[in-house]
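Shown next: final_37.cif, containing mmCIF, C-alpha atoms.
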data_run
#
loop_
_atom_site.label_atom_id
_atom_site.label_comp_id
_atom_site.auth_asym_id
_atom_site.auth_seq_id
_atom_site.Cartn_x
_atom_site.Cartn_y
_atom_site.Cartn_z
CA MET A 1 -25.20 13.73 -57.75
CA ASP A 2 -26.64 17.01 -56.46
CA GLU A 3 -24.88 20.23 -57.35
CA ASP A 4 -24.61 21.30 -53.71
CA ALA A 5 -23.28 17.93 -52.48
CA ALA A 6 -20.06 18.34 -50.53
CA PHE A 7 -19.03 14.67 -50.88
CA CYS A 8 -19.55 11.95 -53.47
CA SER A 9 -22.23 9.47 -52.40
CA ARG A 10 -20.29 6.54 -53.89
CA CYS A 11 -16.65 7.09 -52.93
CA GLY A 12 -16.85 9.80 -50.24
CA LYS A 13 -14.37 12.18 -51.89
CA ALA A 14 -14.90 15.91 -51.55
CA THR A 15 -16.59 17.44 -54.59
CA GLY A 16 -15.36 20.96 -54.00
CA ALA A 17 -18.78 22.34 -53.05
CA PRO A 18 -18.70 24.07 -49.68
CA ALA A 19 -20.40 22.20 -46.89
CA THR A 20 -23.25 24.15 -45.34
CA LEU A 21 -23.96 23.84 -41.68
CA SER A 22 -27.26 24.74 -40.14
CA VAL A 23 -26.18 26.32 -36.89
CA CYS A 24 -28.85 26.91 -34.30
CA PRO A 25 -28.28 29.64 -31.75
CA PRO A 26 -27.09 28.21 -28.45
CA GLN A 27 -29.93 27.48 -26.06
CA ARG A 28 -29.69 29.46 -22.85
CA LEU A 29 -30.68 27.93 -19.52
CA SER A 30 -33.30 30.23 -18.05
CA ARG A 31 -36.61 30.13 -16.20
CA PRO A 32 -39.53 30.88 -18.55
CA MET A 33 -42.03 33.02 -16.66
CA LEU A 34 -44.88 32.17 -19.05
CA ASP A 35 -44.61 28.37 -18.69
CA LYS A 36 -44.09 27.94 -14.97
CA LYS A 37 -45.92 26.20 -12.14
CA ILE A 38 -43.86 27.28 -9.11
CA ALA A 39 -40.65 28.98 -10.21
CA GLY A 40 -40.10 27.75 -13.77
CA VAL A 41 -37.04 25.65 -12.95
CA CYS A 42 -38.43 22.41 -14.41
CA ALA A 43 -39.76 24.24 -17.48
CA GLY A 44 -36.35 25.81 -18.03
CA PHE A 45 -34.49 22.52 -17.77
CA ALA A 46 -37.06 20.80 -20.00
CA ARG A 47 -36.65 23.46 -22.67
CA TYR A 48 -32.84 23.33 -22.39
CA PHE A 49 -32.66 19.52 -22.75
CA GLY A 50 -35.53 19.29 -25.25
CA VAL A 51 -37.79 17.00 -23.21
CA ASP A 52 -41.40 17.25 -22.09
CA VAL A 53 -42.06 19.49 -19.08
CA THR A 54 -44.16 16.82 -17.36
CA LEU A 55 -41.34 14.29 -17.65
CA MET A 56 -38.88 16.77 -16.16
CA ARG A 57 -41.22 17.50 -13.25
CA ILE A 58 -41.64 13.78 -12.54
CA LEU A 59 -37.88 13.23 -12.63
CA TRP A 60 -37.35 16.21 -10.31
CA ILE A 61 -39.92 14.89 -7.80
CA ILE A 62 -38.29 11.44 -7.84
CA ALA A 63 -34.88 13.01 -7.21
CA ALA A 64 -36.30 15.12 -4.41
CA LEU A 65 -38.13 12.30 -2.63
CA PHE A 66 -35.57 9.52 -2.96
CA THR A 67 -32.28 11.40 -2.66
CA GLY A 68 -33.20 14.64 -0.94
CA VAL A 69 -30.82 16.51 -3.22
CA GLY A 70 -33.69 17.59 -5.44
CA PHE A 71 -35.04 20.07 -2.89
CA ILE A 72 -31.70 21.82 -2.45
CA ALA A 73 -30.93 21.72 -6.17
CA TYR A 74 -34.33 23.24 -6.98
CA ILE A 75 -33.76 26.15 -4.59
CA VAL A 76 -30.23 26.72 -5.94
CA ALA A 77 -31.51 26.63 -9.53
CA TRP A 78 -34.35 28.99 -8.60
CA ILE A 79 -31.81 31.53 -7.33
CA ALA A 80 -29.15 31.00 -10.00
CA MET A 81 -31.21 30.72 -13.22
CA PRO A 82 -32.14 34.04 -14.85
CA ARG A 83 -35.76 34.84 -15.66
CA ASP A 84 -36.96 34.73 -19.25
CA TYR A 85 -40.04 36.79 -20.09
CA GLU A 86 -39.95 36.15 -23.85
CA PRO A 87 -42.60 33.74 -25.15
CA VAL A 88 -41.31 30.57 -26.74
CA ALA A 89 -42.04 30.45 -30.46
CA THR A 90 -44.58 27.76 -31.22
CA THR A 91 -46.14 26.83 -34.51
CA VAL A 92 -49.90 26.72 -34.65
CA PRO A 93 -51.48 24.70 -37.46
CA GLN A 94 -53.72 26.80 -39.65
CA ARG A 95 -57.20 25.66 -40.57
CA THR A 96 -57.98 25.28 -44.22
#
Could you rewrite the structure in this file as structure tokens?
Amino acid sequence: MDEDAAFCSRCGKATGAPATLSVCPPQRLSRPMLDKKIAGVCAGFARYFGVDVTLMRILWIIAALFTGVGFIAYIVAWIAMPRDYEPVATTVPQRT
């Protein structure tokens, strides 16, 4: 059993070691100004929900064309969502 294990792997009893939680900072819903096509609404929702931007744009177009609510929701989100000028941290593989 590992020294930092909080529970026994066989019986499930607490070992006395404190459980460590990896807490990520809460994701804020905002419009990224560096990754936008029109207003950044789809890019902001895609980043918030952790999905691809293209998928979010396709879903938004489907909602707009088939229900009509998408157009109004886009305008409301455009007005209500704050702008985000900070670049999103991305990892770039280094060449060896």
**Asked** Using all atoms listed in the file, which residues sit within 9 Å of Arg83 (chain A) once same-chain residues fewer than 5 positions away are excluded, as a list of chain:residue names?
**Response** A:Ser30, A:Arg31, A:Pro32, A:Met33, A:Gly40
**Request:** Report as a PyMOL selection string the residues that result from applying the PyMOL selection byres ((chain A and resi 52-54) around 12) to the structure here.
**Result:** chain A and resi 32+35-37+40-51+55-61
Could you turn the residues from that selection into a file that holds C-alpha atoms, as a short mmCIF file (atom, residue, chain, number, x, y, z; two decimals), in the frame of the given file?
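Written out: part_19.cif:
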data_model
loop_
_atom_site.label_atom_id
_atom_site.label_comp_id
_atom_site.auth_asym_id
_atom_site.auth_seq_id
_atom_site.Cartn_x
_atom_site.Cartn_y
_atom_site.Cartn_z
CA PRO A 32 -39.53 30.88 -18.55
CA ASP A 35 -44.61 28.37 -18.69
CA LYS A 36 -44.09 27.94 -14.97
CA LYS A 37 -45.92 26.20 -12.14
CA GLY A 40 -40.10 27.75 -13.77
CA VAL A 41 -37.04 25.65 -12.95
CA CYS A 42 -38.43 22.41 -14.41
CA ALA A 43 -39.76 24.24 -17.48
CA GLY A 44 -36.35 25.81 -18.03
CA PHE A 45 -34.49 22.52 -17.77
CA ALA A 46 -37.06 20.80 -20.00
CA ARG A 47 -36.65 23.46 -22.67
CA TYR A 48 -32.84 23.33 -22.39
CA PHE A 49 -32.66 19.52 -22.75
CA GLY A 50 -35.53 19.29 -25.25
CA VAL A 51 -37.79 17.00 -23.21
CA LEU A 55 -41.34 14.29 -17.65
CA MET A 56 -38.88 16.77 -16.16
CA ARG A 57 -41.22 17.50 -13.25
CA ILE A 58 -41.64 13.78 -12.54
CA LEU A 59 -37.88 13.23 -12.63
CA TRP A 60 -37.35 16.21 -10.31
CA ILE A 61 -39.92 14.89 -7.80
#
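For the pair CA of Ile75 (chain A) and CA of Ala63 (chain A), the interatomic distance is 13.4 Å.
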**Prompt:** Hey, which of A:Ala39, A:Ala14, A:Leu34, A:Cys8 ends up closest to Met81 (chain A)? Count only C-alpha atoms.
**Reply:** A:Ala39
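Put simply, CA of Phe66 (chain A) is 27.5 Å away from CA of Pro82 (chain A).
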**Asked** Any idea what the distance is between CA of Thr67 (chain A) and CA of Arg28 (chain A)?
**Response** 27.2 Å
Residue completion, region 55-68 of chain A, N, CA and C atoms, as a compact mmCIF listing (two decimals), in the frame of the given file:
# COMPACT_ATOMS: atom_id res chain seq x y z
N LEU A 55 -42.38 15.27 -17.94
CA LEU A 55 -41.34 14.29 -17.65
C LEU A 55 -40.27 14.89 -16.74
N MET A 56 -39.88 16.12 -16.99
CA MET A 56 -38.88 16.77 -16.16
C MET A 56 -39.39 16.97 -14.74
N ARG A 57 -40.65 17.32 -14.59
CA ARG A 57 -41.22 17.50 -13.25
C ARG A 57 -41.27 16.18 -12.49
N ILE A 58 -41.61 15.10 -13.18
CA ILE A 58 -41.64 13.78 -12.54
C ILE A 58 -40.24 13.36 -12.11
N LEU A 59 -39.25 13.57 -12.98
CA LEU A 59 -37.88 13.23 -12.63
C LEU A 59 -37.39 14.06 -11.45
N TRP A 60 -37.77 15.34 -11.40
CA TRP A 60 -37.35 16.21 -10.31
C TRP A 60 -37.98 15.77 -8.99
N ILE A 61 -39.25 15.37 -9.02
CA ILE A 61 -39.92 14.89 -7.80
C ILE A 61 -39.28 13.60 -7.31
N ILE A 62 -38.96 12.70 -8.23
CA ILE A 62 -38.29 11.44 -7.84
C ILE A 62 -36.94 11.74 -7.20
N ALA A 63 -36.18 12.65 -7.79
CA ALA A 63 -34.88 13.01 -7.21
C ALA A 63 -35.04 13.66 -5.84
N ALA A 64 -36.09 14.44 -5.69
CA ALA A 64 -36.30 15.12 -4.41
C ALA A 64 -36.73 14.15 -3.32
N LEU A 65 -37.61 13.22 -3.64
CA LEU A 65 -38.13 12.30 -2.63
C LEU A 65 -37.15 11.19 -2.25
N PHE A 66 -36.43 10.66 -3.24
CA PHE A 66 -35.57 9.52 -2.96
C PHE A 66 -34.15 9.89 -2.55
N THR A 67 -33.66 11.03 -3.00
CA THR A 67 -32.28 11.40 -2.66
C THR A 67 -32.22 12.60 -1.73
N GLY A 68 -33.22 13.44 -1.76
CA GLY A 68 -33.20 14.64 -0.94
C GLY A 68 -32.42 15.78 -1.56
